[in-house]
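Chemist: Sharing model.cif (mmCIF, C-alpha atoms) below.
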data_model
#
loop_
_atom_site.label_atom_id
_atom_site.label_comp_id
_atom_site.auth_asym_id
_atom_site.auth_seq_id
_atom_site.Cartn_x
_atom_site.Cartn_y
_atom_site.Cartn_z
CA MET A 239 -16.17 -110.69 214.18
CA SER A 240 -18.83 -110.17 211.58
CA PHE A 241 -21.61 -111.30 213.91
CA MET A 242 -20.41 -108.95 216.63
CA LEU A 243 -20.58 -106.08 214.11
CA LEU A 244 -24.13 -107.01 213.19
CA GLU A 245 -25.29 -107.19 216.80
CA TYR A 246 -23.71 -103.83 217.63
CA SER A 247 -25.45 -102.38 214.58
CA LEU A 248 -28.81 -103.50 216.02
CA ILE A 249 -27.99 -101.59 219.22
CA PHE A 250 -27.04 -98.54 217.14
CA MET A 251 -30.37 -98.67 215.31
CA VAL A 252 -32.24 -98.78 218.64
CA ILE A 253 -30.31 -95.67 219.70
CA SER A 254 -31.42 -93.86 216.56
CA PHE A 255 -35.05 -94.43 217.60
CA ILE A 256 -34.65 -91.71 220.26
CA PRO A 257 -34.87 -88.63 217.97
CA CYS A 258 -37.91 -90.15 216.25
CA ILE A 259 -39.78 -90.68 219.51
CA TYR A 260 -38.84 -87.15 220.59
CA ARG A 261 -40.32 -85.79 217.33
CA VAL A 262 -43.49 -87.92 217.63
CA ILE A 263 -44.15 -86.63 221.14
CA LYS A 264 -43.15 -82.98 220.67
CA GLY A 265 -43.86 -82.37 216.96
CA PRO A 266 -45.92 -79.18 216.67
CA THR A 267 -48.13 -80.31 213.77
CA ILE A 268 -49.68 -83.51 212.45
CA PRO A 269 -47.42 -83.81 209.34
CA ASP A 270 -44.39 -83.75 211.65
CA ARG A 271 -45.68 -86.82 213.45
CA VAL A 272 -46.49 -88.61 210.20
CA VAL A 273 -42.97 -87.98 208.88
CA ALA A 274 -41.48 -89.25 212.14
CA LEU A 275 -43.58 -92.43 212.05
CA ASP A 276 -42.56 -93.02 208.42
CA ALA A 277 -38.90 -92.68 209.38
CA MET A 278 -39.43 -95.11 212.27
CA THR A 279 -40.75 -97.67 209.80
CA THR A 280 -37.59 -97.28 207.73
CA ILE A 281 -35.52 -98.05 210.83
CA ILE A 282 -37.63 -101.13 211.61
CA VAL A 283 -37.19 -102.38 208.02
CA VAL A 284 -33.41 -101.99 208.32
CA MET A 285 -33.43 -103.78 211.69
CA LEU A 286 -35.47 -106.65 210.27
CA GLY A 287 -32.99 -107.01 207.39
CA ILE A 288 -30.03 -107.23 209.75
CA TYR A 289 -31.91 -109.59 212.09
CA SER A 290 -32.78 -111.82 209.16
CA TYR A 291 -29.08 -112.20 208.38
CA VAL A 292 -28.15 -112.81 212.04
CA GLN A 293 -30.80 -115.52 212.42
CA GLY A 294 -30.17 -117.02 208.99
CA SER A 295 -33.90 -117.06 208.23
CA VAL A 296 -35.51 -115.74 205.05
CA PHE A 297 -38.92 -115.08 206.59
CA PHE A 298 -37.96 -111.87 208.40
CA MET A 299 -37.22 -110.38 204.98
CA ASP A 300 -40.85 -111.05 203.96
CA VAL A 301 -41.96 -109.18 207.07
CA ALA A 302 -39.70 -106.26 206.07
CA LEU A 303 -41.22 -106.13 202.57
CA VAL A 304 -44.80 -106.17 203.88
CA LEU A 305 -43.98 -103.50 206.46
CA ALA A 306 -42.51 -101.24 203.76
CA ILE A 307 -45.67 -101.63 201.66
CA ILE A 308 -47.98 -100.92 204.62
CA SER A 309 -45.94 -97.86 205.60
CA PHE A 310 -46.24 -96.41 202.09
CA VAL A 311 -49.98 -97.01 201.91
CA GLY A 312 -50.52 -95.57 205.39
CA THR A 313 -48.57 -92.40 204.65
CA VAL A 314 -50.46 -91.79 201.41
CA THR A 315 -53.78 -92.41 203.18
CA VAL A 316 -53.05 -89.91 205.95
CA ALA A 317 -51.87 -87.36 203.37
CA LYS A 318 -55.08 -87.71 201.37
CA TYR A 319 -57.13 -87.41 204.53
CA LEU A 320 -55.33 -84.21 205.58
CA ASP A 321 -55.71 -82.79 202.08
CA ASP A 322 -59.35 -83.43 201.17
CA GLY A 323 -61.01 -84.68 204.33
CA VAL A 324 -61.89 -87.97 202.64
CA VAL A 325 -59.79 -91.06 201.98
CA PHE A 326 -61.32 -92.35 198.76
CA MET B 235 -12.31 -111.87 202.21
CA ILE B 236 -12.09 -108.60 200.29
CA LEU B 237 -15.83 -108.86 199.62
CA ASN B 238 -16.50 -109.36 203.33
CA ILE B 239 -14.53 -106.24 204.32
CA PHE B 240 -16.23 -104.27 201.53
CA SER B 241 -19.71 -105.33 202.64
CA ASN B 242 -18.93 -104.47 206.27
CA MET B 243 -17.80 -101.04 205.12
CA ILE B 244 -21.05 -100.45 203.21
CA LEU B 245 -23.02 -101.66 206.25
CA VAL B 246 -21.31 -99.14 208.55
CA ILE B 247 -21.82 -96.30 206.05
CA GLY B 248 -25.51 -97.19 205.67
CA LEU B 249 -26.10 -97.34 209.42
CA PHE B 250 -24.35 -94.00 209.87
CA PHE B 251 -26.55 -92.41 207.20
CA VAL B 252 -29.74 -93.75 208.81
CA PHE B 253 -28.58 -92.30 212.13
CA LEU B 254 -27.88 -88.94 210.43
CA ALA B 255 -31.40 -88.94 208.97
CA MET B 256 -32.91 -89.32 212.42
CA LEU B 257 -30.60 -86.61 213.78
CA GLY B 258 -31.78 -84.30 211.01
CA LEU B 259 -35.37 -85.15 211.89
CA ALA B 260 -34.75 -83.86 215.39
CA ARG B 261 -32.63 -80.81 214.53
CA LEU B 262 -34.00 -79.14 211.36
CA PRO B 263 -36.60 -76.40 211.82
CA ASP B 264 -39.79 -77.26 209.87
CA VAL B 265 -41.65 -80.07 208.07
CA TYR B 266 -40.17 -79.50 204.62
CA ASN B 267 -36.56 -79.47 205.83
CA ARG B 268 -37.19 -82.60 207.89
CA LEU B 269 -38.53 -84.28 204.76
CA HIS B 270 -35.25 -83.42 203.02
CA ALA B 271 -33.39 -85.33 205.72
CA THR B 272 -35.58 -88.44 205.93
CA THR B 273 -36.22 -88.83 202.21
CA LYS B 274 -32.69 -88.51 200.88
CA ILE B 275 -30.47 -89.80 203.66
CA GLY B 276 -32.83 -92.45 205.01
CA THR B 277 -33.32 -93.93 201.54
CA LEU B 278 -29.60 -94.19 200.84
CA GLY B 279 -28.98 -95.65 204.31
CA ALA B 280 -31.56 -98.41 203.87
CA PHE B 281 -30.25 -99.06 200.36
CA GLY B 282 -26.68 -99.43 201.70
CA VAL B 283 -27.66 -101.89 204.43
CA MET B 284 -29.66 -104.05 202.02
CA LEU B 285 -26.80 -103.95 199.47
CA SER B 286 -24.37 -105.15 202.11
CA ILE B 287 -26.67 -108.08 202.93
CA LEU B 288 -26.79 -108.91 199.22
CA LEU B 289 -22.97 -108.88 199.10
CA LYS B 290 -22.77 -111.11 202.18
CA VAL B 291 -25.14 -113.88 201.04
CA GLY B 292 -24.93 -113.68 197.23
CA PHE B 293 -27.93 -114.34 194.98
CA SER B 294 -29.73 -116.65 197.40
CA PRO B 295 -33.44 -116.00 198.21
CA MET B 296 -32.43 -113.73 201.11
CA GLY B 297 -30.23 -111.53 198.93
CA VAL B 298 -32.81 -111.20 196.17
CA LYS B 299 -35.51 -110.25 198.69
CA ALA B 300 -33.21 -107.70 200.31
CA MET B 301 -32.68 -106.12 196.91
CA THR B 302 -36.46 -106.07 196.34
CA VAL B 303 -36.99 -104.22 199.63
CA ALA B 304 -34.26 -101.70 198.74
CA LEU B 305 -35.69 -100.98 195.28
CA PHE B 306 -39.20 -100.65 196.72
CA ILE B 307 -38.04 -98.07 199.26
CA LEU B 308 -36.13 -96.20 196.53
CA VAL B 309 -39.26 -95.97 194.34
CA THR B 310 -41.91 -95.17 196.97
CA SER B 311 -40.13 -92.80 199.35
CA PRO B 312 -40.19 -89.74 197.00
CA VAL B 313 -43.88 -90.32 196.30
CA ALA B 314 -44.72 -90.41 200.01
CA ALA B 315 -42.66 -87.26 200.62
CA HIS B 316 -44.43 -85.44 197.80
CA MET B 317 -47.88 -86.41 199.10
CA ILE B 318 -47.21 -85.45 202.70
CA SER B 319 -45.57 -82.12 201.84
CA ARG B 320 -48.46 -81.10 199.58
CA ALA B 321 -50.96 -82.09 202.27
CA ALA B 322 -48.99 -80.10 204.86
CA HIS B 323 -48.96 -76.98 202.70
CA ARG B 324 -52.69 -77.17 202.01
CA HIS B 325 -53.39 -77.98 205.66
CA GLY B 326 -51.85 -74.64 206.57
CA VAL B 327 -48.44 -75.51 207.95
CA GLY B 328 -46.28 -72.45 207.30
CA LEU B 329 -42.63 -72.33 206.41
CA CYS B 330 -40.04 -71.63 209.09
CA LYS B 331 -39.01 -68.04 209.76
CA GLU B 332 -35.66 -68.34 207.94
CA SER B 333 -37.47 -68.86 204.61
CA VAL B 334 -36.81 -66.30 201.90
CA ILE B 335 -39.42 -67.02 199.18
CA ASP B 336 -42.77 -68.84 198.80
CA GLU B 337 -44.12 -68.86 195.26
CA TYR B 338 -46.50 -71.78 195.86
CA GLY B 339 -48.41 -69.88 198.53
CA LYS B 340 -48.75 -66.89 196.21
CA ALA B 341 -50.06 -69.13 193.40
CA CYS B 342 -52.60 -70.76 195.76
CA ASN B 343 -53.84 -67.38 196.98
CA ALA B 344 -54.19 -66.09 193.41
CA ALA B 345 -56.19 -69.17 192.40
CA CYS B 346 -58.58 -69.14 195.36
CA PRO B 347 -58.40 -65.92 197.43
CA GLU B 348 -59.23 -66.01 201.11
CA PRO B 349 -62.94 -65.32 201.83
CA GLU B 350 -63.30 -61.94 203.45
CA GLU B 351 -64.66 -61.63 206.97
CA ASP B 352 -67.78 -59.56 207.37
CA MET C 244 -52.78 -107.09 173.28
CA LYS C 245 -49.13 -106.11 172.99
CA ARG C 246 -49.51 -104.05 176.17
CA TYR C 247 -50.90 -107.11 177.97
CA ILE C 248 -47.79 -109.08 177.03
CA ALA C 249 -45.37 -106.33 178.05
CA TYR C 250 -47.01 -105.63 181.42
CA SER C 251 -47.35 -109.37 182.08
CA ALA C 252 -43.62 -109.81 181.54
CA ILE C 253 -42.85 -106.96 183.97
CA LEU C 254 -45.24 -108.33 186.62
CA ALA C 255 -43.79 -111.84 186.19
CA LEU C 256 -40.30 -110.43 186.85
CA VAL C 257 -41.62 -108.66 189.97
CA TRP C 258 -43.15 -111.94 191.15
CA CYS C 259 -39.79 -113.69 190.65
CA PHE C 260 -38.06 -111.04 192.79
CA VAL C 261 -40.68 -111.22 195.55
CA HIS C 262 -40.55 -115.01 195.61
CA GLY C 263 -36.77 -114.90 195.98
CA THR C 264 -35.67 -117.36 193.30
CA VAL C 265 -35.37 -116.16 189.70
CA ASN C 266 -35.92 -119.14 187.37
CA ILE C 267 -38.02 -120.11 184.39
CA ASN C 268 -40.79 -121.90 186.34
CA ASN C 269 -41.60 -118.89 188.49
CA PHE C 270 -41.49 -116.63 185.43
CA ILE C 271 -44.04 -118.76 183.55
CA LEU C 272 -46.31 -118.95 186.62
CA GLY C 273 -46.22 -115.14 186.92
CA LEU C 274 -46.90 -114.78 183.19
CA ILE C 275 -50.03 -116.95 183.53
CA ILE C 276 -51.44 -115.13 186.56
CA ALA C 277 -50.55 -111.54 185.53
CA PRO C 278 -53.47 -110.87 183.06
CA PHE C 279 -55.99 -111.58 185.84
CA VAL C 280 -54.28 -108.86 187.91
CA ILE C 281 -54.10 -106.37 185.06
CA ARG C 282 -57.71 -106.70 183.87
CA PRO C 283 -59.53 -105.23 186.97
CA PHE C 284 -57.16 -102.24 187.06
CA LYS C 285 -57.36 -101.52 183.35
CA THR C 286 -58.06 -97.81 183.80
CA LEU C 287 -54.68 -97.26 185.45
CA PHE C 288 -52.75 -98.40 182.36
CA ASN C 289 -53.39 -96.25 179.28
CA PHE C 290 -54.50 -98.86 176.76
CA ASP C 291 -55.74 -96.43 174.14
CA LYS C 292 -52.26 -95.39 172.98
CA GLU C 293 -50.20 -97.22 170.37
CA PHE C 294 -47.39 -99.40 171.69
CA SER C 295 -44.45 -101.04 169.93
CA PHE C 296 -41.73 -103.29 171.32
CA SER C 297 -38.93 -101.88 169.19
CA ASN C 298 -39.64 -98.35 170.39
CA ALA C 299 -39.56 -99.51 174.01
CA LEU C 300 -36.36 -101.52 173.53
CA SER C 301 -34.54 -98.66 171.78
CA LYS C 302 -34.85 -96.50 174.93
CA ILE C 303 -32.93 -98.92 177.16
CA PRO C 304 -29.42 -97.39 176.61
CA ALA C 305 -30.76 -93.92 177.46
CA GLN C 306 -32.39 -95.36 180.59
CA ILE C 307 -29.12 -96.96 181.71
CA LYS C 308 -27.36 -93.61 181.26
CA TYR C 309 -30.15 -91.91 183.26
CA LEU C 310 -29.69 -94.46 186.06
CA TYR C 311 -25.96 -93.71 186.20
CA VAL C 312 -26.62 -89.94 186.43
CA LEU C 313 -29.25 -90.61 189.12
CA ILE C 314 -26.85 -92.63 191.30
CA VAL C 315 -24.15 -89.94 191.11
CA GLU C 316 -26.68 -87.23 192.00
CA ILE C 317 -28.05 -89.24 194.95
CA ILE C 318 -24.59 -89.63 196.47
CA LYS C 319 -23.90 -85.89 196.03
CA ALA C 320 -27.25 -85.07 197.64
CA ASN C 321 -26.52 -87.25 200.66
CA ILE C 322 -23.13 -85.69 201.30
CA MET C 323 -24.64 -82.20 201.04
CA VAL C 324 -27.53 -82.84 203.45
CA ALA C 325 -25.25 -84.73 205.85
CA LYS C 326 -22.98 -81.68 206.00
CA ILE C 327 -25.97 -79.46 206.83
CA VAL C 328 -27.18 -81.81 209.56
CA LEU C 329 -23.73 -82.09 211.16
CA GLN C 330 -23.14 -78.32 211.39
CA PRO C 331 -23.02 -77.10 215.00
CA LYS C 332 -25.42 -74.24 214.21
CA ILE C 333 -27.94 -74.77 211.43
CA ASP C 334 -27.80 -71.89 208.96
CA ILE C 335 -30.10 -72.44 205.96
CA LYS C 336 -32.28 -70.24 203.76
CA PRO C 337 -35.12 -72.47 202.47
CA GLY C 338 -37.96 -71.44 200.19
CA ILE C 339 -40.44 -72.65 197.58
CA ILE C 340 -39.71 -71.74 193.96
CA ALA C 341 -41.49 -72.43 190.65
CA VAL C 342 -39.56 -74.36 188.01
CA PRO C 343 -40.75 -74.61 184.37
CA ILE C 344 -40.47 -78.07 182.76
CA ASP C 345 -40.64 -79.37 179.22
CA THR C 346 -41.90 -82.93 179.75
CA LYS C 347 -45.51 -83.56 178.78
CA THR C 348 -46.40 -87.23 179.37
CA ASP C 349 -47.49 -88.65 182.73
CA LEU C 350 -44.49 -91.00 182.95
CA GLY C 351 -42.06 -88.20 182.15
CA ILE C 352 -43.51 -85.86 184.79
CA THR C 353 -43.45 -88.62 187.42
CA ALA C 354 -39.84 -89.42 186.57
CA ILE C 355 -38.67 -85.80 186.73
CA ALA C 356 -40.55 -85.18 190.01
CA ASN C 357 -39.03 -88.23 191.70
CA THR C 358 -35.59 -87.37 190.34
CA ILE C 359 -35.84 -83.82 191.70
CA THR C 360 -36.77 -85.20 195.12
CA LEU C 361 -33.72 -87.48 195.21
CA THR C 362 -31.21 -84.88 194.02
CA PRO C 363 -29.31 -82.23 196.04
CA GLY C 364 -31.28 -79.77 198.09
CA THR C 365 -34.65 -79.90 196.29
CA LEU C 366 -38.03 -81.51 197.04
CA THR C 367 -41.06 -81.50 194.71
CA ILE C 368 -44.27 -80.26 196.34
CA ASP C 369 -46.89 -79.79 193.63
CA MET C 370 -47.56 -79.30 189.93
CA SER C 371 -49.57 -76.40 188.51
CA ASP C 372 -52.88 -77.07 186.77
CA ASP C 373 -51.58 -76.48 183.24
CA ARG C 374 -48.77 -79.06 183.75
CA CYS C 375 -45.87 -76.74 182.93
CA LEU C 376 -44.70 -75.61 186.38
CA LEU C 377 -43.32 -77.66 189.26
CA TYR C 378 -43.23 -76.13 192.74
CA VAL C 379 -39.95 -77.13 194.34
CA HIS C 380 -38.83 -76.65 197.94
CA ALA C 381 -35.12 -75.82 197.91
CA ILE C 382 -32.94 -75.88 201.00
CA ASP C 383 -30.90 -72.95 199.63
CA ALA C 384 -33.30 -70.62 197.80
CA THR C 385 -31.25 -67.44 197.60
CA ASP C 386 -30.84 -67.90 193.82
CA PRO C 387 -34.10 -69.17 192.24
CA GLU C 388 -32.97 -68.83 188.61
CA GLY C 389 -29.81 -70.79 189.37
CA VAL C 390 -31.77 -73.70 190.85
CA ALA C 391 -34.16 -73.81 187.87
CA GLN C 392 -31.25 -73.64 185.42
CA SER C 393 -29.34 -76.45 187.16
CA ILE C 394 -32.44 -78.69 187.11
CA LYS C 395 -32.93 -78.03 183.41
CA ASP C 396 -29.29 -78.64 182.50
CA ASP C 397 -28.35 -81.56 184.74
CA LEU C 398 -31.48 -83.70 184.89
CA GLU C 399 -34.20 -82.90 182.40
CA LYS C 400 -32.06 -83.69 179.36
CA TYR C 401 -31.59 -87.30 180.47
CA VAL C 402 -35.24 -87.71 181.50
CA LEU C 403 -36.39 -86.45 178.09
CA GLU C 404 -34.12 -88.94 176.35
CA ALA C 405 -35.12 -91.86 178.55
CA PHE C 406 -38.90 -91.57 178.94
CA GLU C 407 -40.37 -89.51 176.10
#
If you took the structure in this file and wrote it as structure tokens, what would it be?
Modeler:
Amino acid sequence: MSFMLLEYSLIFMVISFIPCIYRVIKGPTIPDRVVALDAMTTIIVVMLGIYSYVQGSVFFMDVALVLAIISFVGTVTVAKYLDDGVVF
Amino acid sequence: MILNIFSNMILVIGLFFVFLAMLGLARLPDVYNRLHATTKIGTLGAFGVMLSILLKVGFSPMGVKAMTVALFILVTSPVAAHMISRAAHRHGVGLCKESVIDEYGKACNAACPEPEED
Amino acid sequence: MKRYIAYSAILALVWCFVHGTVNINNFILGLIIAPFVIRPFKTLFNFDKEFSFSNALSKIPAQIKYLYVLIVEIIKANIMVAKIVLQPKIDIKPGIIAVPIDTKTDLGITAIANTITLTPGTLTIDMSDDRCLLYVHAIDATDPEGVAQSIKDDLEKYVLEAFE
């Protein structure tokens, strides 16, 4: 029962990708696309957490942590680039 | 048994909130309102899913790492939202047409007025 | 020197959480490695100020109370934004308003800005140059004085107790 719930939740997360991809393609400005990509990373982190429990393996959780860190650094970098024109 | 039902409940609530965040990303009118949706609801959704994994496995390495990911998202997501909204405003992205007041734009114009065309 | 010990303890705890098992061996390993991480980034931590353990420990009850207020506010914020998203026709009046604040230190301003972002209907955008105004994007900006007053009453009191 519990495993069925977890697998259906993975399908549900894949469905919630659709608005993100719509916003990445259509978004009128660059910050819209950055926000949508950031939200996509949140979904992937959630999916990796659930998948880690389904597989019973700890290592997917490491991947989730590293992906969260890279997403934060990437968003801040793009914001600084839009703001000043330089990264450092 | 009770703990299992409780953790499943938190998992469903978290997934529903993440889905609502993405729905808000598609429906709301401009960048700042979309940031409201993804920052608040997405953070609580991810936190709920990770908390339910912690309740399912207890304080094993997987549960502790799930909690680390949740706390990291809770700390960094407001900072990312603040950076990207400030960059958007300075980049020239206007507010949507329903907006009623913009004191930040007035302050920016008073500090550095637009160069006049000649 | 005291600051080295305090930050080393915090970084060792973070290392325990990232490794996945919280025990005494991992804590000691983190405590040994942490000074080599702190030393190259010394300019980020303000070493010139005075620091005392008893002062830091005496703030912990206020911080726990602040955490409780924060969790309640986050849940209220989520229900409010979820209602807005689920409406059949979106009817909002957003706007950017200026909110005066009383906190002066860097840590206090960071805490109040992040708290404002996670609480109902508001999102911090920028701080003015003289560090006494925060520019806040509110999802319902028809009453600017009301928003500023609610931030001052509900949140800033606890932040001042916990981080100043």
Chemist: What gap, in Å, lies between atom CA of Leu269 of chain B and atom CA of Val390 of chain C?
Modeler: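 Rounded to one decimal, the two atoms are 18.7 Å apart.
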Chemist: Can you tell me, as a ChimeraX atom specification, what residues are no more than 8 Å from segment 243-251 of chain B when counting all atoms listed in the file, ignoring any on the same chain fewer than 3 positions away?
Modeler: /A:247,250-251 /B:239-240,254-255,275-276,278-283,285-286 /C:325
Chemist: Just write the chosen residues, C-alpha atoms, as a PDB file, keeping the file's coordinate frame.
Modeler:
ATOM      1  CA  SER A 247     -25.450-102.380 214.580  1.00  0.00           C
ATOM      2  CA  PHE A 250     -27.040 -98.540 217.140  1.00  0.00           C
ATOM      3  CA  MET A 251     -30.370 -98.670 215.310  1.00  0.00           C
TER       4      MET A 251
ATOM      5  CA  ILE B 239     -14.530-106.240 204.320  1.00  0.00           C
ATOM      6  CA  PHE B 240     -16.230-104.270 201.530  1.00  0.00           C
ATOM      7  CA  LEU B 254     -27.880 -88.940 210.430  1.00  0.00           C
ATOM      8  CA  ALA B 255     -31.400 -88.940 208.970  1.00  0.00           C
ATOM      9  CA  ILE B 275     -30.470 -89.800 203.660  1.00  0.00           C
ATOM     10  CA  GLY B 276     -32.830 -92.450 205.010  1.00  0.00           C
ATOM     11  CA  LEU B 278     -29.600 -94.190 200.840  1.00  0.00           C
ATOM     12  CA  GLY B 279     -28.980 -95.650 204.310  1.00  0.00           C
ATOM     13  CA  ALA B 280     -31.560 -98.410 203.870  1.00  0.00           C
ATOM     14  CA  PHE B 281     -30.250 -99.060 200.360  1.00  0.00           C
ATOM     15  CA  GLY B 282     -26.680 -99.430 201.700  1.00  0.00           C
ATOM     16  CA  VAL B 283     -27.660-101.890 204.430  1.00  0.00           C
ATOM     17  CA  LEU B 285     -26.800-103.950 199.470  1.00  0.00           C
ATOM     18  CA  SER B 286     -24.370-105.150 202.110  1.00  0.00           C
TER      19      SER B 286
ATOM     20  CA  ALA C 325     -25.250 -84.730 205.850  1.00  0.00           C
TER      21      ALA C 325
END
Chemist: So what does the PyMOL selection byres ((chain C and resi 253-270) around 10) actually pick up in this one, as a ChimeraX atom specification?
Modeler: /A:296,300,303 /B:293-303 /C:248-252,271-278,280-281
Chemist: Within 8 Å of (-43.2, -94.9, 192.0), all atoms listed in the file: residues as JSON, numbers by chain?
Modeler: {"B": [309, 310, 312, 313], "C": [353, 357]}
Chemist: Could I get the residues of segment 276-311 of chain B with an atom no further than 10 Å from an atom of segment 310-319 of chain A, each paired with its nearest atom pair and that distance in Å to one decimal, using all atoms listed in the file, sorted by chain and residue number, as a tab-separated table?
Modeler:
residue	atom	partner	partner_atom	distance
B:Phe306	CA	A:Phe310	CA	9.8
B:Ile307	CA	A:Phe310	CA	8.8
B:Thr310	CA	A:Phe310	CA	6.8
B:Ser311	CA	A:Phe310	CA	7.6
Chemist: Based on only C-alpha atoms, which of the residues in chain C come within 7 Å of chain B? I want them as a list in words.
Modeler: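 Contact residues on the first chain: Phe260, Val261, Gly263, Thr264, Asn321, Val324, Ala325, Val328, Lys336, Pro337, Gly338, Ile339, Ile340, Ala341, Asn357, Thr360, Leu361, Leu366, Thr367, Ile368, Asp369, Tyr378 and Ala384 of chain C.
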Chemist: Should the cut-off be 9 Å, what would the residue list for chain A against chain B look like, counting only C-alpha atoms, as a VMD selection string?
Modeler: chain A and resid 240 243 to 244 247 250 to 251 253 to 258 260 to 261 267 to 270 272 to 274 276 to 278 280 to 281 283 to 284 287 to 288 290 to 291 294 to 297 299 to 300 302 to 303 306 to 307 310 to 311 313 to 314 316 to 322
Chemist: Run the PyMOL selection byres ((chain C and resi 314) around 12) mentally over the shown coordinates, then write out the matched residues as a PyMOL selection string, using the chain letters and numbers from the document.
Modeler: (chain B and resi 274+278+281+308) or (chain C and resi 307-313+315-321+358+361-363+398)
Chemist: Excluding same-chain residues fewer than 2 positions from Lys395 of chain C, what lies within 12 Å of it counting all atoms listed in the file, as a list in words?
Modeler: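 Listing them by chain and then by number gives Val342, Pro343, Ile344, Asp345, Thr346, Ile355, Thr358, Ile359, Leu377, Glu388, Gly389, Val390, Ala391, Gln392, Ser393, Asp397, Leu398, Glu399, Lys400, Tyr401, Val402 and Leu403 of chain C.
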Chemist: Would you write out those residues with C-alpha atoms, as a PDB file, in the frame of the given file?
Modeler:
ATOM      1  CA  VAL C 342     -39.560 -74.360 188.010  1.00  0.00           C
ATOM      2  CA  PRO C 343     -40.750 -74.610 184.370  1.00  0.00           C
ATOM      3  CA  ILE C 344     -40.470 -78.070 182.760  1.00  0.00           C
ATOM      4  CA  ASP C 345     -40.640 -79.370 179.220  1.00  0.00           C
ATOM      5  CA  THR C 346     -41.900 -82.930 179.750  1.00  0.00           C
ATOM      6  CA  ILE C 355     -38.670 -85.800 186.730  1.00  0.00           C
ATOM      7  CA  THR C 358     -35.590 -87.370 190.340  1.00  0.00           C
ATOM      8  CA  ILE C 359     -35.840 -83.820 191.700  1.00  0.00           C
ATOM      9  CA  LEU C 377     -43.320 -77.660 189.260  1.00  0.00           C
ATOM     10  CA  GLU C 388     -32.970 -68.830 188.610  1.00  0.00           C
ATOM     11  CA  GLY C 389     -29.810 -70.790 189.370  1.00  0.00           C
ATOM     12  CA  VAL C 390     -31.770 -73.700 190.850  1.00  0.00           C
ATOM     13  CA  ALA C 391     -34.160 -73.810 187.870  1.00  0.00           C
ATOM     14  CA  GLN C 392     -31.250 -73.640 185.420  1.00  0.00           C
ATOM     15  CA  SER C 393     -29.340 -76.450 187.160  1.00  0.00           C
ATOM     16  CA  ASP C 397     -28.350 -81.560 184.740  1.00  0.00           C
ATOM     17  CA  LEU C 398     -31.480 -83.700 184.890  1.00  0.00           C
ATOM     18  CA  GLU C 399     -34.200 -82.900 182.400  1.00  0.00           C
ATOM     19  CA  LYS C 400     -32.060 -83.690 179.360  1.00  0.00           C
ATOM     20  CA  TYR C 401     -31.590 -87.300 180.470  1.00  0.00           C
ATOM     21  CA  VAL C 402     -35.240 -87.710 181.500  1.00  0.00           C
ATOM     22  CA  LEU C 403     -36.390 -86.450 178.090  1.00  0.00           C
TER      23      LEU C 403
END
Chemist: Find the axis-aligned box for segment 256-262 of chain B, covering all its listed atoms and adding 8 Å on each side, and write its centre and edge lengths in Å to one decimal as JSON.
Modeler:
{"center_x": -33.0, "center_y": -84.2, "center_z": 213.2, "size_x": 20.8, "size_y": 26.2, "size_z": 20.4}
Chemist: Just how far from atom CA of His380 of chain C is atom CA of Gln330 of chain C, in Å to one decimal?
Modeler: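 It comes out at 20.7 Å.
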Chemist: Rank A:Leu286, A:Val325, A:Ile249, A:Ile259 by their smallest atom-to-atom distance to Leu305 of chain A, using only C-alpha atoms, and report the top residue only.
Modeler: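 The shortest atom-to-atom distance to Leu305 of chain A comes from A:Leu286.
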Chemist: Can you tell me how far atom CA of Phe406 of chain C sits from atom CA of Arg282 of chain C, in Å to one decimal?
Modeler: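 About the pair atom CA of Phe406 of chain C and atom CA of Arg282 of chain C: they are 24.6 Å apart.
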Chemist: Taking only C-alpha atoms into account, which of A:Thr279, A:Ser309, A:Val301, A:Pro266 comes nearest chain C?
Modeler: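 The shortest atom-to-atom distance to chain C comes from A:Val301.
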